[in-house]
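Student: Structure: run-v9.cif, mmCIF, C-alpha atoms.
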data_target
loop_
_atom_site.label_atom_id
_atom_site.label_comp_id
_atom_site.auth_asym_id
_atom_site.auth_seq_id
_atom_site.Cartn_x
_atom_site.Cartn_y
_atom_site.Cartn_z
CA MET A 1 9.31 -72.60 27.60
CA THR A 2 5.79 -74.07 27.73
CA LYS A 3 4.88 -75.42 24.32
CA PRO A 4 1.82 -73.59 23.01
CA HIS A 5 -0.97 -75.13 20.97
CA VAL A 6 -1.08 -73.17 17.71
CA SER A 7 -4.04 -73.73 15.39
CA SER A 8 -3.95 -72.30 11.87
CA ALA A 9 -5.95 -71.30 8.81
CA VAL A 10 -5.30 -70.09 5.26
CA MET A 11 -7.60 -67.26 4.20
CA THR A 12 -8.55 -67.55 0.54
CA HIS A 13 -10.96 -66.76 -2.28
CA PRO A 14 -12.49 -69.41 -4.59
CA VAL A 15 -10.31 -68.24 -7.50
CA ARG A 16 -7.25 -69.33 -5.50
CA LEU A 17 -8.70 -72.42 -3.90
CA ALA A 18 -6.23 -74.89 -5.41
CA GLN A 19 -3.29 -72.64 -4.53
CA ALA A 20 -4.53 -72.29 -0.95
CA GLN A 21 -5.09 -76.03 -0.54
CA ASP A 22 -1.58 -76.76 -1.80
CA LEU A 23 -0.17 -74.27 0.71
CA ALA A 24 -2.14 -75.79 3.58
CA ASP A 25 -1.04 -79.29 2.63
CA ARG A 26 2.65 -78.40 2.24
CA LEU A 27 2.86 -76.47 5.51
CA ARG A 28 0.54 -78.81 7.46
CA LEU A 29 -1.90 -76.00 8.25
CA ASP A 30 -5.28 -76.89 9.71
CA GLY A 31 -7.56 -75.78 6.90
CA LEU A 32 -8.96 -73.09 4.64
CA ALA A 33 -11.06 -70.03 5.47
CA LEU A 34 -13.09 -69.14 2.40
CA ASP A 35 -14.44 -65.72 1.52
CA PRO A 36 -18.09 -66.02 2.59
CA ALA A 37 -19.28 -63.62 -0.13
CA PRO A 38 -16.91 -64.03 -3.09
CA GLU A 39 -19.24 -62.23 -5.51
CA ALA A 40 -19.39 -59.12 -3.31
CA PRO A 41 -16.90 -56.23 -3.60
CA PRO A 42 -13.42 -57.31 -2.42
CA SER A 43 -12.87 -57.33 1.35
CA ALA A 44 -9.87 -58.93 2.99
CA LEU A 45 -11.46 -58.29 6.38
CA ARG A 46 -14.53 -60.34 5.47
CA THR A 47 -12.36 -63.40 4.88
CA ALA A 48 -10.00 -62.61 7.76
CA LEU A 49 -12.90 -62.77 10.21
CA VAL A 50 -13.67 -66.29 9.00
CA ALA A 51 -9.99 -67.21 9.38
CA TRP A 52 -9.70 -65.85 12.92
CA ALA A 53 -12.95 -67.61 13.86
CA ALA A 54 -11.38 -70.91 12.78
CA ALA A 55 -9.20 -71.03 15.91
CA ASP A 56 -9.30 -74.35 17.71
CA PRO A 57 -11.19 -73.84 21.02
CA GLU A 58 -8.30 -75.58 22.80
CA ALA A 59 -5.58 -73.54 21.11
CA SER A 60 -3.45 -71.02 23.00
CA HIS A 61 -2.62 -69.20 19.74
CA HIS A 62 -3.95 -68.99 16.21
CA LEU A 63 -1.96 -68.42 13.01
CA VAL A 64 -3.58 -66.93 9.90
CA VAL A 65 -1.74 -66.88 6.58
CA GLN A 66 -2.91 -65.58 3.23
CA ASP A 67 -3.10 -67.77 0.16
CA ASP A 68 -0.49 -65.88 -1.89
CA VAL A 69 2.53 -66.73 0.24
CA ASP A 70 5.17 -69.42 0.46
CA GLY A 71 6.97 -70.65 3.53
CA PRO A 72 9.25 -73.41 4.82
CA ALA A 73 8.16 -76.82 6.07
CA GLU A 74 9.33 -75.66 9.52
CA LEU A 75 6.88 -72.74 9.64
CA LEU A 76 4.60 -74.13 12.36
CA GLU A 77 7.51 -75.15 14.55
CA ILE A 78 9.14 -71.72 14.26
CA VAL A 79 5.84 -69.95 14.96
CA SER A 80 5.18 -72.23 17.95
CA ARG A 81 8.58 -71.49 19.48
CA ALA A 82 8.08 -67.76 18.94
CA ALA A 83 4.67 -67.96 20.62
CA ALA A 84 6.29 -69.75 23.55
CA ARG A 85 8.90 -67.02 23.84
CA PHE A 86 6.36 -64.17 23.52
CA PRO A 87 3.08 -65.71 24.69
CA ASP A 88 1.17 -62.42 24.98
CA GLU A 89 2.37 -60.74 21.77
CA ALA A 90 0.92 -60.38 18.30
CA LEU A 91 3.63 -61.85 16.06
CA VAL A 92 4.11 -60.97 12.38
CA PHE A 93 6.27 -63.21 10.17
CA TYR A 94 6.27 -61.22 6.92
CA THR A 95 6.93 -57.51 6.34
CA ASN A 96 6.72 -55.71 2.99
CA TRP A 97 10.05 -54.47 1.68
CA HIS A 98 8.69 -51.05 0.62
CA ALA A 99 6.64 -50.08 3.70
CA ARG A 100 7.56 -48.09 6.80
CA ASN A 101 7.42 -51.29 8.84
CA GLY A 102 9.73 -52.83 6.25
CA ALA A 103 12.20 -49.99 6.70
CA THR A 104 11.95 -50.47 10.48
CA ALA A 105 12.76 -54.18 10.09
CA ARG A 106 15.67 -53.37 7.76
CA LEU A 107 17.06 -50.94 10.32
CA ALA A 108 16.64 -53.57 13.06
CA ALA A 109 18.50 -56.15 10.97
CA LEU A 110 21.45 -53.80 10.52
CA ALA A 111 21.40 -53.03 14.24
CA GLY A 112 21.62 -56.75 15.04
CA ALA A 113 18.05 -57.32 16.29
CA SER A 114 15.83 -60.27 15.42
CA TRP A 115 12.50 -58.70 16.44
CA VAL A 116 11.27 -55.12 16.25
CA ARG A 117 8.15 -53.34 17.44
CA ALA A 118 5.91 -52.25 14.55
CA VAL A 119 5.28 -48.56 14.02
CA PRO A 120 1.77 -47.42 15.06
CA ASP A 121 1.05 -45.25 12.02
CA GLU A 122 0.97 -47.93 9.35
CA PHE A 123 -0.98 -51.07 8.46
CA THR A 124 0.02 -54.36 10.07
CA PRO A 125 1.41 -56.67 7.37
CA SER A 126 -1.13 -59.49 7.59
CA LEU A 127 0.23 -62.19 5.28
CA ALA A 128 1.29 -64.35 8.26
CA VAL A 129 0.14 -63.31 11.74
CA CYS A 130 -0.07 -65.29 14.98
CA LEU A 131 -2.24 -64.00 17.82
CA PRO A 132 -2.87 -65.30 21.33
CA ALA A 133 -6.33 -66.89 21.39
CA ALA A 134 -7.75 -64.11 23.56
CA SER A 135 -6.43 -61.44 21.19
CA ALA A 136 -7.86 -63.29 18.19
CA ALA A 137 -11.27 -63.37 19.87
CA GLY A 138 -10.92 -59.71 20.81
CA PHE A 139 -10.08 -58.72 17.25
CA ARG A 140 -13.07 -60.64 15.88
CA ALA A 141 -15.40 -58.85 18.28
CA TYR A 142 -13.82 -55.49 17.52
CA ALA A 143 -13.90 -55.92 13.73
CA ARG A 144 -17.22 -57.71 13.29
CA ASP A 145 -19.27 -54.61 12.44
CA SER A 146 -16.53 -52.51 10.83
CA ALA A 147 -17.02 -50.93 7.41
CA GLU A 148 -13.26 -51.23 6.78
CA ARG A 149 -12.36 -53.81 4.12
CA HIS A 150 -8.62 -54.05 4.79
CA ASP A 151 -7.77 -56.37 7.67
CA ASP A 152 -4.21 -55.01 7.83
CA GLU A 153 -5.46 -51.49 8.54
CA LEU A 154 -7.93 -52.62 11.18
CA LEU A 155 -5.36 -54.80 12.94
CA SER A 156 -3.25 -51.69 13.49
CA VAL A 157 -6.24 -49.73 14.82
CA PHE A 158 -6.98 -52.64 17.16
CA PHE A 159 -3.39 -52.84 18.42
CA ARG A 160 -3.14 -49.07 18.85
CA GLY A 161 -6.28 -49.13 20.97
CA ARG A 162 -4.64 -51.71 23.22
CA GLY A 163 -1.46 -49.62 23.45
CA ARG A 164 0.86 -52.28 22.05
CA MET A 165 1.75 -52.83 18.40
CA SER A 166 2.79 -56.20 17.01
CA LEU A 167 6.29 -57.64 17.05
CA LEU A 168 7.77 -58.03 13.59
CA ALA A 169 10.02 -60.99 12.93
CA VAL A 170 13.04 -59.35 11.30
CA PRO A 171 14.10 -62.52 9.46
CA ASN A 172 11.15 -63.18 7.16
CA ILE A 173 10.42 -66.89 6.75
CA VAL A 174 7.29 -66.17 4.70
CA GLU A 175 7.47 -64.72 1.19
CA HIS A 176 4.81 -63.10 -0.95
CA ILE A 177 4.32 -64.70 -4.37
CA GLY A 178 2.90 -63.03 -7.48
CA THR A 179 1.78 -59.46 -8.13
CA THR A 180 -1.95 -59.97 -8.71
CA SER A 181 -4.23 -58.77 -5.95
CA ILE A 182 -7.85 -59.51 -5.17
CA ASN A 183 -7.89 -56.43 -2.91
CA ASP A 184 -6.58 -53.86 -5.40
CA HIS A 185 -2.92 -53.83 -4.28
CA ALA A 186 -1.49 -54.67 -7.70
CA ALA A 187 -0.62 -51.00 -8.31
CA GLN A 188 2.04 -51.37 -5.60
CA GLY A 189 4.02 -53.57 -8.01
CA ILE A 190 6.32 -56.36 -6.95
CA ARG A 191 5.88 -56.80 -3.20
CA LEU A 192 8.41 -59.03 -1.45
CA ALA A 193 9.80 -59.65 2.04
CA VAL A 194 12.21 -57.09 3.42
CA CYS A 195 14.62 -59.67 4.92
CA PRO A 196 14.05 -63.07 3.25
CA THR A 197 15.81 -65.65 5.41
CA SER A 198 16.19 -69.42 5.43
CA ALA A 199 14.46 -71.38 8.16
CA ALA A 200 17.85 -72.64 9.34
CA ASP A 201 19.04 -69.08 9.98
CA ALA A 202 15.72 -67.71 11.20
CA ALA A 203 15.07 -70.36 13.87
CA PRO A 204 17.94 -69.47 16.25
CA LEU A 205 17.60 -65.74 15.56
CA LEU A 206 13.90 -65.75 16.47
CA ASP A 207 14.43 -68.10 19.42
CA ARG A 208 17.13 -66.08 21.14
CA GLY A 209 17.81 -62.87 19.20
CA ARG A 210 17.48 -59.37 20.57
CA VAL A 211 14.33 -57.24 20.46
CA LEU A 212 14.42 -53.62 19.30
CA GLU A 213 11.52 -51.88 21.00
CA GLU A 214 12.15 -48.33 19.78
CA PRO A 215 14.33 -47.68 16.71
CA GLY A 216 13.92 -43.91 16.89
CA TRP A 217 13.42 -42.08 13.61
CA VAL A 218 13.36 -44.37 10.58
CA PRO A 219 14.55 -43.59 7.03
CA TYR A 220 12.45 -45.15 4.28
CA MET A 221 11.91 -44.82 0.54
CA ARG A 222 8.79 -44.64 -1.57
CA TYR A 223 8.46 -44.11 -5.31
CA GLY A 224 12.17 -43.47 -5.70
CA GLU A 225 12.49 -40.78 -3.03
CA GLY A 226 13.79 -40.77 0.55
CA TYR A 227 11.67 -39.98 3.60
CA ILE A 228 11.96 -40.13 7.38
CA ARG A 229 9.40 -41.43 9.83
CA LEU A 230 9.76 -39.26 12.92
CA VAL A 231 9.33 -40.41 16.50
CA GLY A 232 5.80 -39.69 17.70
CA GLN A 233 4.42 -38.65 14.33
CA GLU A 234 1.40 -40.91 14.94
CA HIS A 235 0.13 -38.20 17.29
CA GLY A 236 -0.26 -35.70 14.45
CA ALA A 237 -3.61 -34.58 13.10
CA ASP A 238 -3.34 -37.08 10.21
CA GLY A 239 -2.54 -39.98 12.53
CA GLY A 240 1.02 -39.99 11.28
CA ARG A 241 0.11 -41.18 7.80
CA GLY A 242 1.80 -38.26 6.08
CA HIS A 243 5.28 -38.53 4.57
CA HIS A 244 8.21 -36.24 5.49
CA ARG A 245 10.95 -35.82 2.89
CA TRP A 246 14.32 -36.44 4.47
CA GLN A 247 15.47 -32.84 3.95
CA ASP A 248 12.44 -31.50 5.80
CA ALA A 249 12.74 -34.02 8.65
CA LEU A 250 16.48 -33.64 9.28
CA PRO A 251 16.15 -30.87 11.92
CA ALA A 252 14.32 -33.34 14.18
CA THR A 253 17.13 -35.91 13.88
CA GLY A 254 20.10 -33.88 15.06
CA LEU A 255 21.66 -34.04 11.59
CA THR A 256 21.97 -31.28 9.00
CA GLU A 257 21.99 -31.14 5.23
CA ASP A 258 25.58 -29.90 5.42
CA MET A 259 26.59 -33.08 7.28
CA VAL A 260 24.80 -35.28 4.75
CA GLY A 261 26.25 -33.31 1.84
CA ALA A 262 29.78 -33.55 3.20
CA ALA A 263 29.50 -37.31 3.68
CA ARG A 264 28.15 -37.69 0.15
CA ALA A 265 30.89 -35.51 -1.36
CA GLU A 266 33.64 -37.40 0.44
CA GLN A 267 32.42 -41.01 0.34
CA LEU A 268 29.92 -41.58 -2.48
CA PRO A 269 31.60 -44.08 -4.88
CA LYS A 270 31.41 -42.47 -8.32
CA GLU A 271 31.74 -45.63 -10.42
CA LEU A 272 29.02 -47.50 -8.52
CA ALA A 273 26.84 -44.40 -8.58
CA ALA A 274 27.23 -44.19 -12.36
CA GLU A 275 26.35 -47.90 -12.70
CA VAL A 276 23.12 -47.47 -10.73
CA ALA A 277 22.34 -44.21 -12.54
CA ARG A 278 22.71 -45.81 -15.99
CA THR A 279 19.63 -47.93 -15.36
CA PHE A 280 17.61 -45.92 -12.87
CA GLY A 281 18.79 -42.33 -13.23
CA ARG A 282 21.09 -40.04 -11.30
CA ALA A 283 18.33 -38.72 -9.04
CA PHE A 284 17.41 -42.21 -7.85
CA ALA A 285 21.06 -43.12 -7.25
CA THR A 286 21.52 -40.01 -5.10
CA GLU A 287 18.32 -40.67 -3.14
CA LEU A 288 19.24 -44.33 -2.54
CA TRP A 289 22.71 -43.47 -1.28
CA THR A 290 21.39 -40.75 1.01
CA HIS A 291 18.67 -43.06 2.33
CA CYS A 292 21.22 -45.78 3.13
CA LEU A 293 23.56 -43.22 4.71
CA LEU A 294 20.78 -42.26 7.12
CA LEU A 295 19.88 -45.92 7.60
CA GLY A 296 23.46 -46.79 8.56
CA ARG A 297 23.63 -43.91 11.00
CA GLN A 298 20.37 -44.82 12.72
CA ALA A 299 21.12 -48.56 12.81
CA ALA A 300 24.47 -47.88 14.50
CA HIS A 301 22.70 -45.67 17.01
CA ALA A 302 20.06 -48.35 17.72
CA ALA A 303 22.71 -51.06 18.06
CA ARG A 304 24.31 -49.24 20.98
CA GLY A 305 21.15 -49.74 23.03
CA LEU A 306 20.70 -53.45 22.33
CA GLY A 307 23.36 -54.88 24.60
CA PRO A 308 25.61 -57.88 23.90
CA LEU A 309 24.64 -60.67 21.53
CA PRO A 310 22.95 -63.47 23.52
CA ASP A 311 24.48 -66.92 23.64
CA GLY A 312 23.25 -69.22 20.91
CA VAL A 313 22.69 -66.52 18.30
CA PRO A 314 24.93 -67.40 15.34
CA ALA A 315 26.96 -64.40 14.22
CA ASP A 316 27.09 -65.73 10.65
CA ALA A 317 23.28 -65.99 10.50
CA LEU A 318 23.01 -62.41 11.75
CA ASP A 319 25.49 -61.31 9.09
CA ARG A 320 23.45 -63.02 6.37
CA LEU A 321 20.35 -61.28 7.72
CA ARG A 322 22.05 -57.90 7.38
CA HIS A 323 23.03 -58.64 3.79
CA SER A 324 19.50 -59.77 3.00
CA ALA A 325 18.15 -56.49 4.36
CA VAL A 326 20.54 -54.34 2.32
CA ALA A 327 19.94 -56.38 -0.85
CA THR A 328 16.26 -55.40 -0.86
CA ALA A 329 16.81 -51.69 -0.20
CA GLY A 330 17.41 -50.76 -3.83
CA PRO A 331 14.57 -52.71 -5.50
CA ALA A 332 12.12 -51.71 -2.76
CA GLY A 333 13.04 -48.05 -3.17
CA LEU A 334 12.23 -47.99 -6.87
CA PRO A 335 8.88 -46.76 -8.17
CA PRO A 336 6.62 -49.83 -8.57
CA GLU A 337 6.62 -49.66 -12.37
CA ARG A 338 10.44 -49.84 -12.45
CA ARG A 339 10.98 -52.76 -10.09
CA PRO A 340 10.82 -55.33 -12.92
CA GLU A 341 13.98 -53.69 -14.34
CA ALA A 342 15.95 -54.79 -11.27
CA GLY A 343 17.50 -58.04 -12.48
CA PRO A 344 20.31 -59.88 -10.66
CA ASP A 345 23.07 -57.57 -11.99
CA GLU A 346 21.15 -54.42 -11.07
CA VAL A 347 20.35 -55.77 -7.59
CA ARG A 348 24.02 -56.61 -6.99
CA ALA A 349 25.09 -53.14 -8.09
CA MET A 350 22.51 -51.43 -5.90
CA ALA A 351 23.48 -53.60 -2.91
CA ALA A 352 27.18 -52.81 -3.28
CA PHE A 353 26.33 -49.13 -3.65
CA ALA A 354 24.00 -49.24 -0.63
CA TRP A 355 26.64 -50.85 1.57
CA THR A 356 29.07 -47.98 0.95
CA ALA A 357 26.40 -45.60 2.23
CA VAL A 358 25.52 -47.76 5.25
CA HIS A 359 29.18 -47.88 6.27
CA ALA A 360 29.53 -44.13 5.77
CA GLY A 361 26.44 -43.59 7.91
CA GLU A 362 27.87 -45.63 10.77
CA GLY A 363 30.36 -42.82 11.32
CA LEU A 364 27.84 -40.00 10.91
CA ASP A 365 26.93 -38.24 14.14
#
Would you encode the structure as structure tokens?

Tutor:
Amino acid sequence: MTKPHVSSAVMTHPVRLAQAQDLADRLRLDGLALDPAPEAPPSALRTALVAWAAADPEASHHLVVQDDVDGPAELLEIVSRAAARFPDEALVFYTNWHARNGATARLAALAGASWVRAVPDEFTPSLAVCLPAASAAGFRAYARDSAERHDDELLSVFFRGRGRMSLLAVPNIVEHIGTTSINDHAAQGIRLAVCPTSAADAAPLLDRGRVLEEPGWVPYMRYGEGYIRLVGQEHGADGGRGHHRWQDALPATGLTEDMVGAARAEQLPKELAAEVARTFGRAFATELWTHCLLLGRQAAHAARGLGPLPDGVPADALDRLRHSAVATAGPAGLPPERRPEAGPDEVRAMAAFAWTAVHAGEGLD
């Protein structure tokens, strides 16, 4: 692989200047990109344009990270190797645990993939993105006169227009920190990585792991309820932004409510269900188990199309990635106001409960 030249910038606002400088220093990033109009109404895009313009003229790729993240000392090396492997791709190194792209990454982890193609009907998680230099320049030109203030939304529009969405790194080496938001996202509550992974595990997975290009339909949760993202729904009149409850979407999946109900009646573990229900309610416990049942089914289906595990991909690292993905399913599925109630004991209970559903789903067809 030809070693790329990756330049970098941290996009920030004056109120987080010290935090951003500490991040740049710790991760050896090139510098800061300050909001050029900090007194104006909030606009992530305004600052993102400064960050993307900070690319070194000699760089082959440019990495932009936001100031409210943390990452390992190896971040630049891992990003550089990923850019060498996928020189023409937009690469995303953080994905929100509660979003449709997060659910897609969780499904990919369970299927045994290390990269997955982002869905076209949702924002591009922009906390840590690396673009080829030409794509960075193209995005700046495309976005310069936009009235949109969310860079993550406009990145997706830009990628859709080019006919190729970003590649999401399934093992997340970047983590979001804090719940405050300059851009009015605080109402979404605790927002963390879908598959938090150590640099030691992530490096070989991202270097040599499999790529899931099309996961098919994707189960996801929002505000305590289960939904399904259907294949091709981005072509709908609403651009695919609507949400389909899992019961309504089942006919398009080849499954039926009778099949789901039978699996739940036969395999739902009553004691674990009662433990989850004591804190979060019976309805949430039922929705979480059903969601993970569908997730297990679809991950098993996706795994069959991935082919054998490449040499040099540690099976134990892949196993830890799967457990990381399942551990976030419960907290991410809660309504935002209830996520703080998910302490270590509650997370362990939800993970154990979720695994019983994933395993039941692997036999659902």

Student: Compare A:Val326, A:Ile190, A:Ala33, A:Leu49 by their minimum atom-to-atom distance to Leu17 (chain A), counting all atoms listed in the file, and give me the closest one.

Tutor: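 Smallest distance to Leu17 (chain A) is found for A:Ala33.
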
Student: Report, in Å with one decimal, the straight-line distance from CA of Thr197 (chain A) to CA of Glu74 (chain A).

Tutor: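 Interatomic distance here is 12.6 Å.
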
Student: Hey, which bits of region 40-107 of chain A sit within 10 Å of region 320-325 of chain A, and for each residue what's the closest pair of atoms and how far apart in Å (one decimal), counting all atoms listed in the file, rows by chain and increasing number, as a Markdown table?

Tutor:
| residue | atom | partner | partner_atom | distance |
| --- | --- | --- | --- | --- |
| A:Trp97 | CA | A:Ala325 | CA | 8.8 |
| A:Gly102 | CA | A:Ala325 | CA | 9.4 |
| A:Ala103 | CA | A:Ala325 | CA | 9.1 |
| A:Ala105 | CA | A:Ala325 | CA | 8.2 |
| A:Arg106 | CA | A:Ala325 | CA | 5.2 |
| A:Leu107 | CA | A:Ala325 | CA | 8.2 |

Student: Please enumerate the residues selected by the PyMOL selection byres ((chain A and resi 332) around 9) when evaluated against the supplied file, formatted as a ChimeraX atom specification.

Tutor: /A:96-99,190-192,194,221-224,328-331,333-336,339

Student: Run the PyMOL selection byres ((chain A and resi 307-314) around 10) on the file and write out the hits as a VMD selection string.

Tutor: chain A and resid 112 to 114 201 203 to 210 303 to 306 315 to 319

Student: Record the distance separating CA of Ala54 (chain A) and CA of Gln21 (chain A), expressed in Å with one decimal.

Tutor: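 Interatomic distance here is 15.6 Å.
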
Student: Could you name the residues that touch region 147-152 of chain A at 12 Å or less, counting only C-alpha atoms, but leaving out those on the same chain fewer than 2 positions away, as number ranges by chain?

Tutor: A: 11, 40-52, 64, 66, 92, 95-96, 121-129, 139-140, 142-145, 154-159, 166, 182-185

Student: Using the chain letters and numbers from this file, what does the PyMOL selection byres ((chain A and resi 263-265) around 10) select? Give the answer as a PyMOL selection string.

Tutor: chain A and resi 257-262+266-270+286+289-290+293+357+360-361+363-364

Student: Let me make sure I understand: among A:Ser80, A:Gln247, A:Asn172, A:Gln19, which one has the smallest atom-to-atom distance to Pro219 (chain A) if we use all atoms listed in the file?

Tutor: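 Of A:Ser80, A:Gln247, A:Asn172, A:Gln19, the one nearest Pro219 (chain A) is A:Gln247, counting all atoms listed in the file.
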
Student: By how many Å are CA of Val119 (chain A) and CA of Arg100 (chain A) apart?

Tutor: 7.6 Å

Student: Which polymer residues have any atom within 6 Å of an atom of Arg297 (chain A), counting only C-alpha atoms, with same-chain residues fewer than 2 positions away left out, as a ChimeraX atom specification?

Tutor: /A:294-295,299-300,361-362,364

Student: Pick from A:Ala18, A:Leu250, A:Ala9, A:Ala327: nearest to Glu346 (chain A), with only C-alpha atoms counted?

Tutor: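 The answer is A:Ala327, which sits nearest to Glu346 (chain A).
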
Student: I'd like the neighbourhood of Asp25 (chain A) as a ChimeraX atom specification, where a residue qualifies if any of its atoms comes within 12 Å (using only C-alpha atoms), though same-chain residues fewer than 4 positions away should be ignored.

Tutor: /A:8-10,18-21,29-32,67,70-71,73

Student: When you count only C-alpha atoms, which of these residues is closest to Val211 (chain A): A:Ala169, A:Ser7, A:Glu77, A:Ala84?

Tutor: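 Using only C-alpha atoms, Val211 (chain A) sits closest to A:Ala169.
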
Student: For Ile78 (chain A), which residue among A:Pro120, A:Gly239, A:Pro171, A:Gly163 is the nearest when counting only C-alpha atoms?

Tutor: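 For Ile78 (chain A), the nearest of the candidates is A:Pro171.
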
Student: Using only C-alpha atoms, which protein or nucleic acid residues come within 7 Å of Leu168 (chain A)? Drop anything in the same chain fewer than 4 positions from it, and give the result as a PyMOL selection string.

Tutor: chain A and resi 91-93+115-118

Student: Generate the missing atoms of region 7-18 of chain A up to N, CA, C and O atoms and report them as an mmCIF file, keeping the file's coordinate frame.

Tutor:
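What ended up in part37.cif:
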data_model
loop_
_atom_site.group_PDB
_atom_site.id
_atom_site.type_symbol
_atom_site.label_atom_id
_atom_site.label_comp_id
_atom_site.auth_asym_id
_atom_site.auth_seq_id
_atom_site.Cartn_x
_atom_site.Cartn_y
_atom_site.Cartn_z
ATOM 1 N N SER A 7 -3.193 -73.310 16.511
ATOM 2 C CA SER A 7 -4.040 -73.730 15.390
ATOM 3 C C SER A 7 -3.782 -72.771 14.224
ATOM 4 O O SER A 7 -3.099 -71.757 14.373
ATOM 5 N N SER A 8 -4.313 -73.092 13.048
ATOM 6 C CA SER A 8 -3.950 -72.300 11.870
ATOM 7 C C SER A 8 -5.029 -72.353 10.804
ATOM 8 O O SER A 8 -5.850 -73.279 10.771
ATOM 9 N N ALA A 9 -5.016 -71.359 9.928
ATOM 10 C CA ALA A 9 -5.950 -71.300 8.810
ATOM 11 C C ALA A 9 -5.339 -70.487 7.677
ATOM 12 O O ALA A 9 -4.554 -69.564 7.917
ATOM 13 N N VAL A 10 -5.705 -70.844 6.444
ATOM 14 C CA VAL A 10 -5.300 -70.090 5.260
ATOM 15 C C VAL A 10 -6.529 -69.351 4.746
ATOM 16 O O VAL A 10 -7.531 -69.967 4.387
ATOM 17 N N MET A 11 -6.468 -68.016 4.727
ATOM 18 C CA MET A 11 -7.600 -67.260 4.200
ATOM 19 C C MET A 11 -7.491 -67.172 2.683
ATOM 20 O O MET A 11 -6.407 -66.918 2.131
ATOM 21 N N THR A 12 -8.617 -67.444 1.984
ATOM 22 C CA THR A 12 -8.550 -67.550 0.540
ATOM 23 C C THR A 12 -9.872 -67.184 -0.111
ATOM 24 O O THR A 12 -10.899 -67.013 0.564
ATOM 25 N N HIS A 13 -9.813 -67.059 -1.418
ATOM 26 C CA HIS A 13 -10.960 -66.760 -2.280
ATOM 27 C C HIS A 13 -11.110 -67.945 -3.240
ATOM 28 O O HIS A 13 -10.107 -68.602 -3.579
ATOM 29 N N PRO A 14 -12.324 -68.251 -3.692
ATOM 30 C CA PRO A 14 -12.490 -69.410 -4.590
ATOM 31 C C PRO A 14 -11.573 -69.415 -5.807
ATOM 32 O O PRO A 14 -11.190 -70.484 -6.285
ATOM 33 N N VAL A 15 -11.175 -68.239 -6.320
ATOM 34 C CA VAL A 15 -10.310 -68.240 -7.500
ATOM 35 C C VAL A 15 -8.912 -68.755 -7.186
ATOM 36 O O VAL A 15 -8.157 -69.098 -8.101
ATOM 37 N N ARG A 16 -8.565 -68.815 -5.896
ATOM 38 C CA ARG A 16 -7.250 -69.330 -5.500
ATOM 39 C C ARG A 16 -7.368 -70.587 -4.645
ATOM 40 O O ARG A 16 -6.457 -70.913 -3.884
ATOM 41 N N LEU A 17 -8.451 -71.280 -4.776
ATOM 42 C CA LEU A 17 -8.700 -72.420 -3.900
ATOM 43 C C LEU A 17 -7.627 -73.491 -4.012
ATOM 44 O O LEU A 17 -7.126 -73.995 -2.998
ATOM 45 N N ALA A 18 -7.244 -73.845 -5.230
ATOM 46 C CA ALA A 18 -6.230 -74.890 -5.410
ATOM 47 C C ALA A 18 -4.886 -74.447 -4.834
ATOM 48 O O ALA A 18 -4.176 -75.234 -4.183
#
